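> Contents of target.cif (mmCIF, C-alpha atoms and all ligand atoms):
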```
data_upload
loop_
_atom_site.label_atom_id
_atom_site.label_comp_id
_atom_site.auth_asym_id
_atom_site.auth_seq_id
_atom_site.Cartn_x
_atom_site.Cartn_y
_atom_site.Cartn_z
CA MET A 9 9.72 -13.70 -1.34
CA ASP A 10 7.44 -11.18 0.32
CA VAL A 11 5.39 -12.12 3.35
CA LEU A 12 2.12 -10.35 4.09
CA VAL A 13 1.54 -9.86 7.79
CA PHE A 14 -1.95 -8.93 8.96
CA LEU A 15 -1.62 -7.50 12.43
CA GLY A 16 -5.02 -7.70 14.10
CA SER A 17 -4.31 -6.15 17.48
CA PRO A 18 -5.48 -2.55 17.87
CA ARG A 19 -2.84 -1.99 20.57
CA LYS A 20 0.33 -0.42 19.17
CA LYS A 21 3.53 -2.00 20.57
CA GLY A 22 1.29 -4.47 22.40
CA ASN A 23 2.03 -8.11 23.07
CA THR A 24 0.95 -9.39 19.67
CA GLU A 25 3.03 -6.76 17.90
CA VAL A 26 6.14 -7.48 19.97
CA LEU A 27 5.77 -11.24 19.40
CA THR A 28 5.09 -10.75 15.70
CA ARG A 29 8.05 -8.41 15.14
CA THR A 30 10.31 -10.91 16.91
CA LEU A 31 9.05 -13.79 14.77
CA LEU A 32 9.62 -11.58 11.72
CA GLU A 33 13.30 -11.30 12.62
CA GLY A 34 13.43 -15.03 11.82
CA VAL A 35 11.44 -14.42 8.62
CA SER A 36 13.97 -11.79 7.50
CA HIS A 37 16.86 -14.04 8.49
CA ALA A 38 15.43 -16.68 6.14
CA GLY A 39 15.59 -14.15 3.29
CA SER A 40 11.99 -12.90 3.12
CA THR A 41 10.73 -9.35 3.28
CA PRO A 42 7.70 -8.92 5.52
CA GLU A 43 5.11 -6.23 4.92
CA ILE A 44 3.05 -5.44 8.01
CA ILE A 45 -0.54 -4.39 7.44
CA ARG A 46 -2.11 -3.00 10.60
CA LEU A 47 -5.79 -3.90 10.30
CA ASN A 48 -6.88 -1.35 12.90
CA ASP A 49 -5.60 1.47 10.64
CA LEU A 50 -7.79 0.30 7.75
CA LYS A 51 -11.47 0.75 7.08
CA ILE A 52 -12.64 -2.78 6.38
CA ALA A 53 -16.41 -3.14 6.54
CA PRO A 54 -17.89 -6.44 7.68
CA CYS A 55 -19.19 -8.79 4.98
CA ILE A 56 -22.86 -7.98 4.29
CA SER A 57 -23.65 -11.31 2.61
CA CYS A 58 -24.94 -9.53 -0.49
CA GLY A 59 -24.11 -12.52 -2.68
CA GLY A 60 -22.15 -10.41 -5.17
CA CYS A 61 -19.01 -12.53 -4.96
CA ASP A 62 -21.03 -15.74 -5.49
CA LYS A 63 -21.32 -14.77 -9.13
CA THR A 64 -18.00 -13.04 -9.80
CA GLY A 65 -15.49 -14.05 -7.12
CA LYS A 66 -15.05 -10.35 -6.46
CA CYS A 67 -16.26 -8.32 -3.51
CA VAL A 68 -18.59 -5.47 -4.45
CA VAL A 69 -17.78 -3.47 -1.32
CA GLU A 70 -15.09 -0.89 -2.07
CA ASP A 71 -12.94 0.01 0.90
CA ASP A 72 -9.44 -0.67 2.25
CA MET A 73 -9.94 -4.41 1.69
CA THR A 74 -10.16 -3.88 -2.08
CA PRO A 75 -6.39 -3.55 -2.75
CA LEU A 76 -5.61 -6.40 -0.37
CA TYR A 77 -7.17 -9.08 -2.59
CA LYS A 78 -4.48 -8.68 -5.26
CA LYS A 79 -1.74 -8.74 -2.65
CA ILE A 80 -3.12 -11.94 -1.09
CA ILE A 81 -3.27 -13.62 -4.50
CA ALA A 82 0.28 -12.52 -5.35
CA THR A 83 2.08 -13.80 -2.24
CA ASN A 84 2.96 -17.33 -1.14
CA ARG A 85 3.28 -16.57 2.58
CA ILE A 86 0.80 -14.88 4.91
CA ILE A 87 0.88 -14.38 8.67
CA ILE A 88 -2.24 -13.47 10.64
CA ALA A 89 -1.52 -12.18 14.14
CA SER A 90 -4.29 -11.52 16.66
CA PRO A 91 -4.66 -11.53 20.42
CA ILE A 92 -7.53 -13.54 21.84
CA TYR A 93 -10.65 -11.52 22.50
CA PHE A 94 -13.49 -13.57 23.99
CA TYR A 95 -11.99 -16.88 22.80
CA GLY A 96 -11.68 -15.66 19.23
CA VAL A 97 -9.74 -13.24 17.05
CA THR A 98 -10.28 -9.47 17.33
CA ALA A 99 -13.15 -7.84 15.46
CA GLN A 100 -10.65 -6.16 13.11
CA THR A 101 -9.21 -9.58 12.21
CA LYS A 102 -12.63 -11.18 11.84
CA ALA A 103 -13.90 -8.45 9.50
CA PHE A 104 -10.82 -9.01 7.32
CA ILE A 105 -11.31 -12.78 7.40
CA ASP A 106 -15.02 -12.62 6.54
CA ARG A 107 -14.19 -10.51 3.49
CA THR A 108 -11.93 -13.33 2.18
CA GLN A 109 -15.21 -15.06 1.30
CA ALA A 110 -14.76 -13.43 -2.12
CA LEU A 111 -11.54 -15.42 -2.57
CA TRP A 112 -13.32 -18.61 -1.54
CA ASN A 113 -15.87 -17.92 -4.28
CA ARG A 114 -13.13 -17.01 -6.76
CA LYS A 115 -11.59 -20.43 -6.15
CA ARG A 116 -14.96 -22.17 -6.44
CA LEU A 117 -15.80 -20.43 -9.72
CA GLN A 118 -12.33 -21.07 -11.17
CA LYS A 119 -12.69 -24.76 -10.31
CA ILE A 120 -16.03 -24.87 -12.15
CA SER A 121 -14.60 -23.16 -15.24
CA GLY A 122 -11.40 -25.25 -15.24
CA GLU A 123 -9.11 -22.25 -14.69
CA TRP A 124 -8.06 -23.29 -11.22
CA LYS A 125 -4.37 -24.06 -10.61
CA GLU A 126 -3.21 -25.60 -7.35
CA ASN A 127 -0.22 -23.88 -5.78
CA PRO A 128 1.17 -26.09 -2.99
CA ALA A 129 3.81 -23.45 -2.12
CA ARG A 130 1.22 -21.20 -0.47
CA ARG A 131 1.26 -21.29 3.33
CA GLY A 132 -0.31 -19.30 6.13
CA PHE A 133 0.78 -18.92 9.74
CA PHE A 134 -1.02 -17.80 12.89
CA ILE A 135 0.36 -15.86 15.85
CA SER A 136 -1.69 -15.31 18.98
CA VAL A 137 -1.45 -14.14 22.58
CA ALA A 138 -3.94 -14.66 25.39
CA ALA A 139 -3.87 -13.48 28.98
CA THR A 140 -5.28 -16.65 30.54
CA LYS A 141 -4.20 -20.26 30.41
CA GLY A 142 -7.48 -22.05 29.60
CA ALA A 143 -6.74 -25.34 27.85
CA ARG A 144 -8.97 -24.42 24.90
CA ILE A 145 -8.11 -20.72 24.78
CA PHE A 146 -6.83 -20.72 21.16
CA GLU A 147 -9.17 -23.37 19.73
CA GLY A 148 -11.81 -21.08 18.23
CA ALA A 149 -9.29 -18.65 16.78
CA ILE A 150 -7.23 -21.44 15.20
CA LEU A 151 -10.31 -22.89 13.48
CA THR A 152 -11.29 -19.45 12.17
CA VAL A 153 -7.81 -18.78 10.82
CA LYS A 154 -7.51 -22.26 9.27
CA TYR A 155 -10.71 -21.69 7.30
CA ALA A 156 -9.54 -18.22 6.28
CA TYR A 157 -6.41 -19.78 4.83
CA ASP A 158 -8.55 -22.31 3.00
CA ALA A 159 -10.41 -19.40 1.37
CA MET A 160 -7.07 -17.78 0.53
CA ASP A 161 -5.80 -21.07 -0.95
CA MET A 162 -3.09 -21.42 1.67
CA ALA A 163 -2.11 -24.58 3.51
CA TYR A 164 -1.98 -24.07 7.26
CA GLY A 165 1.73 -23.70 7.98
CA GLY A 166 1.61 -23.60 11.79
CA GLU A 167 1.13 -21.31 14.69
CA PHE A 168 2.93 -19.62 17.55
CA LEU A 169 0.81 -19.14 20.65
CA VAL A 170 1.66 -17.57 23.99
CA THR A 171 -0.49 -17.54 27.12
CA GLY A 172 0.09 -15.11 29.97
CA PRO A 173 0.94 -11.65 28.60
CA ASP A 174 -1.80 -9.14 29.33
CA LYS A 175 -0.61 -5.57 29.91
CA ARG A 176 1.33 -3.70 27.26
CA GLY A 177 5.01 -4.56 27.78
CA ASP A 178 4.35 -8.01 29.29
CA MET A 179 5.60 -9.85 26.20
CA ALA A 180 9.18 -8.72 26.79
CA LYS A 181 9.20 -10.78 30.01
CA TYR A 182 8.80 -13.99 27.97
CA GLU A 183 12.37 -14.08 26.63
CA GLU A 184 12.37 -17.87 26.13
CA LYS A 185 9.26 -17.63 23.95
CA LEU A 186 10.76 -14.80 21.95
CA VAL A 187 13.85 -16.89 21.17
CA LYS A 188 11.58 -19.71 19.99
CA ALA A 189 9.49 -17.27 17.96
CA ARG A 190 12.54 -16.20 15.92
CA ALA A 191 13.19 -19.85 15.07
CA ALA A 192 9.51 -20.41 14.21
CA GLY A 193 9.59 -17.47 11.78
CA GLU A 194 12.62 -18.85 10.05
CA ASN A 195 11.14 -22.35 9.84
CA PHE A 196 7.88 -21.02 8.43
CA ILE A 197 9.69 -19.41 5.51
CA ARG A 198 11.89 -22.43 4.90
CA GLY A 199 8.77 -24.66 4.85
CA LEU A 200 9.85 -26.66 7.90
CA ASP A 201 7.49 -27.70 10.66
CA ALA A 202 6.70 -24.54 12.54
CA HIS A 203 7.09 -24.43 16.26
CA VAL A 204 3.92 -24.60 18.32
CA ASP A 205 4.15 -23.11 21.78
C1 LIG A 301 -11.92 -7.04 24.58
C2 LIG A 301 -10.90 -7.99 25.14
C3 LIG A 301 -11.24 -9.33 25.26
C4 LIG A 301 -10.32 -10.24 25.76
N1 LIG A 301 -10.68 -11.55 25.87
C5 LIG A 301 -9.78 -12.46 26.36
C6 LIG A 301 -10.14 -13.83 26.49
O1 LIG A 301 -11.24 -14.27 26.17
N2 LIG A 301 -9.20 -14.69 26.99
C7 LIG A 301 -7.97 -14.25 27.37
O2 LIG A 301 -7.15 -15.08 27.82
N3 LIG A 301 -7.58 -12.95 27.24
C8 LIG A 301 -8.48 -12.05 26.74
N4 LIG A 301 -8.10 -10.73 26.59
C9 LIG A 301 -6.73 -10.32 26.96
C10 LIG A 301 -5.80 -10.20 25.75
O3 LIG A 301 -5.77 -11.37 24.98
C11 LIG A 301 -4.38 -9.88 26.26
O4 LIG A 301 -4.40 -8.68 27.01
C12 LIG A 301 -3.35 -9.77 25.16
O5 LIG A 301 -2.07 -9.72 25.72
C13 LIG A 301 -3.58 -8.51 24.32
O6 LIG A 301 -2.65 -8.46 23.27
P1 LIG A 301 -2.20 -7.07 22.61
O7 LIG A 301 -1.27 -6.42 23.61
O8 LIG A 301 -1.53 -7.43 21.36
O9 LIG A 301 -3.44 -6.27 22.39
C14 LIG A 301 -9.01 -9.80 26.12
C15 LIG A 301 -8.68 -8.45 25.97
C16 LIG A 301 -9.60 -7.55 25.49
C17 LIG A 301 -9.22 -6.09 25.36
#
```
Let's see the structure in the file written out as structure tokens.

Amino acid sequence: MDVLVFLGSPRKKGNTEVLTRTLLEGVSHAGSTPEIIRLNDLKIAPCISCGGCDKTGKCVVEDDMTPLYKKIIATNRIIIASPIYFYGVTAQTKAFIDRTQALWNRKRLQKISGEWKENPARRGFFISVAATKGARIFEGAILTVKYAYDAMDMAYGGEFLVTGPDKRGDMAKYEEKLVKARAAGENFIRGLDAHVD
């Protein structure tokens, strides 16, 4: 089974990327093939609320998001990975998430027409890193990602969160977390309770 991984950090080899690649070792160990999509390399315009997808379930904006819709529909496992920026996900991640509104409308329209088929196998996972240890540091991002998965018809399959890493290279100092991340990746694919850290 292929896993789509949306990497929302603009920083190459940054903390989110290191954590994500480590978690993906567990994903591969469980027999899945991850495909990493680096959102910062794509041109994904923000949703302009034109209402086009209300009628068709398809986004009228043509850009690098366009081919991603089919890929999202075709997979049963998605991982969104984003560092915390101002108590939320990065702008790159949020633009991607807002554009999944077309999938939310697709689902709504298919339910109205009777074409909708539930697929309980679909699950999404969230990875995040924040520099500070505020008790509510991940709250906003988790809510955003949960609702994105709802639009993508994915149950929320868990999260792996690390507080502390800030500068590029910091993540490597969190060896204990990285060991747990490998296990979390494996559990996510096997459909077990994912580790929350
Ligand atoms: C624009 C910006 C906003 C940030 N906002 C927060 C924040 O609100 N809370 C926090 O704990 N860290 C914040 N950070 C720190 C990042 O979450 C932290 O450096 C993280 O390790 C970056 O991950 P990366 O290496 O994958 O880019 C912010 C960083 C940037 C660049």
> Report as a Markdown table: every residue of chain A with an atom at most 8 Å from ligand LIG 301 (chain A), its closest pair of atoms, and their distance in Å to one decimal, counting all atoms listed in the file, with rows sorted by chain and ascending residue number.

```
| residue | atom | partner | partner_atom | distance |
| --- | --- | --- | --- | --- |
| A:Ser17 | CA | A:LIG301 | O8 | 4.9 |
| A:Pro18 | CA | A:LIG301 | O9 | 6.2 |
| A:Arg19 | CA | A:LIG301 | O9 | 4.7 |
| A:Lys20 | CA | A:LIG301 | O8 | 7.6 |
| A:Lys21 | CA | A:LIG301 | O7 | 7.2 |
| A:Gly22 | CA | A:LIG301 | O7 | 3.4 |
| A:Asn23 | CA | A:LIG301 | O7 | 3.7 |
| A:Thr24 | CA | A:LIG301 | O8 | 3.6 |
| A:Glu25 | CA | A:LIG301 | O8 | 5.8 |
| A:Val26 | CA | A:LIG301 | O8 | 7.8 |
| A:Ser90 | CA | A:LIG301 | O8 | 6.8 |
| A:Pro91 | CA | A:LIG301 | O6 | 4.6 |
| A:Ile92 | CA | A:LIG301 | O3 | 4.2 |
| A:Tyr93 | CA | A:LIG301 | N1 | 3.4 |
| A:Phe94 | CA | A:LIG301 | O1 | 3.2 |
| A:Tyr95 | CA | A:LIG301 | O1 | 4.3 |
| A:Gly96 | CA | A:LIG301 | O1 | 7.1 |
| A:Thr98 | CA | A:LIG301 | C1 | 7.8 |
| A:Val137 | CA | A:LIG301 | C12 | 5.4 |
| A:Ala138 | CA | A:LIG301 | O3 | 3.8 |
| A:Ala139 | CA | A:LIG301 | O2 | 3.8 |
| A:Thr140 | CA | A:LIG301 | O2 | 3.7 |
| A:Lys141 | CA | A:LIG301 | O2 | 6.5 |
| A:Gly142 | CA | A:LIG301 | O2 | 7.2 |
| A:Ile145 | CA | A:LIG301 | O2 | 6.5 |
| A:Thr171 | CA | A:LIG301 | O2 | 7.1 |
| A:Gly172 | CA | A:LIG301 | O5 | 7.2 |
| A:Pro173 | CA | A:LIG301 | O5 | 4.6 |
| A:Asp174 | CA | A:LIG301 | O4 | 3.5 |
| A:Lys175 | CA | A:LIG301 | O4 | 5.7 |
| A:Arg176 | CA | A:LIG301 | O7 | 5.2 |
| A:Gly177 | CA | A:LIG301 | O7 | 7.8 |
| A:Asp178 | CA | A:LIG301 | O5 | 7.5 |
| A:Met179 | CA | A:LIG301 | O5 | 7.7 |
```
> Have a look at A:Cys55, A:Val11, A:Leu186, A:Ala192 and name the one nearest to Glu70 of chain A; count all atoms listed in the file.
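Of A:Cys55, A:Val11, A:Leu186, A:Ala192, the one nearest Glu70 of chain A, counting all atoms listed in the file, is A:Cys55.
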> Here is a test: counting all atoms listed in the file, which residue of A:Ile105, A:Ala110, A:Thr83, A:Ile120 is nearest to Val69 of chain A?
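That would be A:Ala110, the residue with the smallest distance to Val69 of chain A.
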> May I ask for the distance between atom CA of Gly132 of chain A and atom CA of Gly165 of chain A, given in Å to one decimal place?
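If I compute the distance from atom CA of Gly132 of chain A to atom CA of Gly165 of chain A, I get 5.2 Å.
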> So, counting all atoms listed in the file, which residue among A:Ala149, A:Val13, A:Leu117, A:Leu76 is closest to Leu169 of chain A?
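Selected residue with least distance to Leu169 of chain A: A:Ala149.
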> Restricting the calculation to all atoms listed in the file, which member of A:Arg85, A:Arg114, A:Arg107, A:Lys79 is positioned closest to Asp62 of chain A?
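The shortest atom-to-atom distance to Asp62 of chain A comes from A:Arg114.
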> How would you write as a PDB file with C-alpha atoms, keeping the file's coordinate frame the residues that get within 9 Å of (-1.0, -26.7, -2.6) in the file's frame, counting all atoms listed in the file?

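Wrote point16.pdb, looks like this:
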```pdb
ATOM      1  CA  GLU A 126      -3.210 -25.600  -7.350  1.00  0.00           C
ATOM      2  CA  ASN A 127      -0.220 -23.880  -5.780  1.00  0.00           C
ATOM      3  CA  PRO A 128       1.170 -26.090  -2.990  1.00  0.00           C
ATOM      4  CA  ALA A 129       3.810 -23.450  -2.120  1.00  0.00           C
ATOM      5  CA  ARG A 130       1.220 -21.200  -0.470  1.00  0.00           C
ATOM      6  CA  ARG A 131       1.260 -21.290   3.330  1.00  0.00           C
ATOM      7  CA  ASP A 161      -5.800 -21.070  -0.950  1.00  0.00           C
ATOM      8  CA  MET A 162      -3.090 -21.420   1.670  1.00  0.00           C
ATOM      9  CA  ALA A 163      -2.110 -24.580   3.510  1.00  0.00           C
TER      10      ALA A 163
END
```
> Pull the neighbourhood of (13.9, -20.3, 18.2) for me: all residues within 12 Å in file coordinates, counting all atoms listed in the file, as an mmCIF file with C-alpha atoms, keeping the file's coordinate frame.

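Result went into out11.cif, see below:
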```
data_model
loop_
_atom_site.group_PDB
_atom_site.id
_atom_site.type_symbol
_atom_site.label_atom_id
_atom_site.label_comp_id
_atom_site.auth_asym_id
_atom_site.auth_seq_id
_atom_site.Cartn_x
_atom_site.Cartn_y
_atom_site.Cartn_z
ATOM 1 C CA THR A 30 10.310 -10.910 16.910
ATOM 2 C CA LEU A 31 9.050 -13.790 14.770
ATOM 3 C CA LEU A 32 9.620 -11.580 11.720
ATOM 4 C CA GLU A 33 13.300 -11.300 12.620
ATOM 5 C CA GLY A 34 13.430 -15.030 11.820
ATOM 6 C CA VAL A 35 11.440 -14.420 8.620
ATOM 7 C CA HIS A 37 16.860 -14.040 8.490
ATOM 8 C CA PHE A 168 2.930 -19.620 17.550
ATOM 9 C CA GLU A 183 12.370 -14.080 26.630
ATOM 10 C CA GLU A 184 12.370 -17.870 26.130
ATOM 11 C CA LYS A 185 9.260 -17.630 23.950
ATOM 12 C CA LEU A 186 10.760 -14.800 21.950
ATOM 13 C CA VAL A 187 13.850 -16.890 21.170
ATOM 14 C CA LYS A 188 11.580 -19.710 19.990
ATOM 15 C CA ALA A 189 9.490 -17.270 17.960
ATOM 16 C CA ARG A 190 12.540 -16.200 15.920
ATOM 17 C CA ALA A 191 13.190 -19.850 15.070
ATOM 18 C CA ALA A 192 9.510 -20.410 14.210
ATOM 19 C CA GLY A 193 9.590 -17.470 11.780
ATOM 20 C CA GLU A 194 12.620 -18.850 10.050
ATOM 21 C CA ASN A 195 11.140 -22.350 9.840
ATOM 22 C CA PHE A 196 7.880 -21.020 8.430
ATOM 23 C CA ALA A 202 6.700 -24.540 12.540
ATOM 24 C CA HIS A 203 7.090 -24.430 16.260
ATOM 25 C CA VAL A 204 3.920 -24.600 18.320
ATOM 26 C CA ASP A 205 4.150 -23.110 21.780
#
```
> Calculate how many Å separate atom CA of Val68 of chain A from atom CA of Ala89 of chain A, rounding to one decimal.
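Atom-to-atom, atom CA of Val68 of chain A and atom CA of Ala89 of chain A are spaced 26.1 Å apart.
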> So, counting only C-alpha atoms, which residue among A:Lys63, A:Lys102, A:Lys78, A:Arg198 is closest to Gln118 of chain A?
A:Lys63
> Find, counting only C-alpha atoms, the residue in A:Cys61, A:Phe104, A:Arg29, A:Leu12 that gets nearest to Leu47 of chain A.
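So, comparing all the options, the nearest one is A:Phe104.
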> Please measure the separation of atom CA of Glu123 of chain A and atom CA of Lys66 of chain A, giving the value in Å to one decimal.
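For atom CA of Glu123 of chain A relative to atom CA of Lys66 of chain A, the distance reads 15.6 Å.
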> Take every atom of segment 107-117 of chain A listed in the file, pad by 4 Å on each side, and give me the axis-aligned box centre and edge lengths in Å, one decimal, as lines of an AutoDock Vina configuration file.

```
center_x = -13.7
center_y = -16.3
center_z = -3.1
size_x = 12.3
size_y = 19.7
size_z = 21.2
```
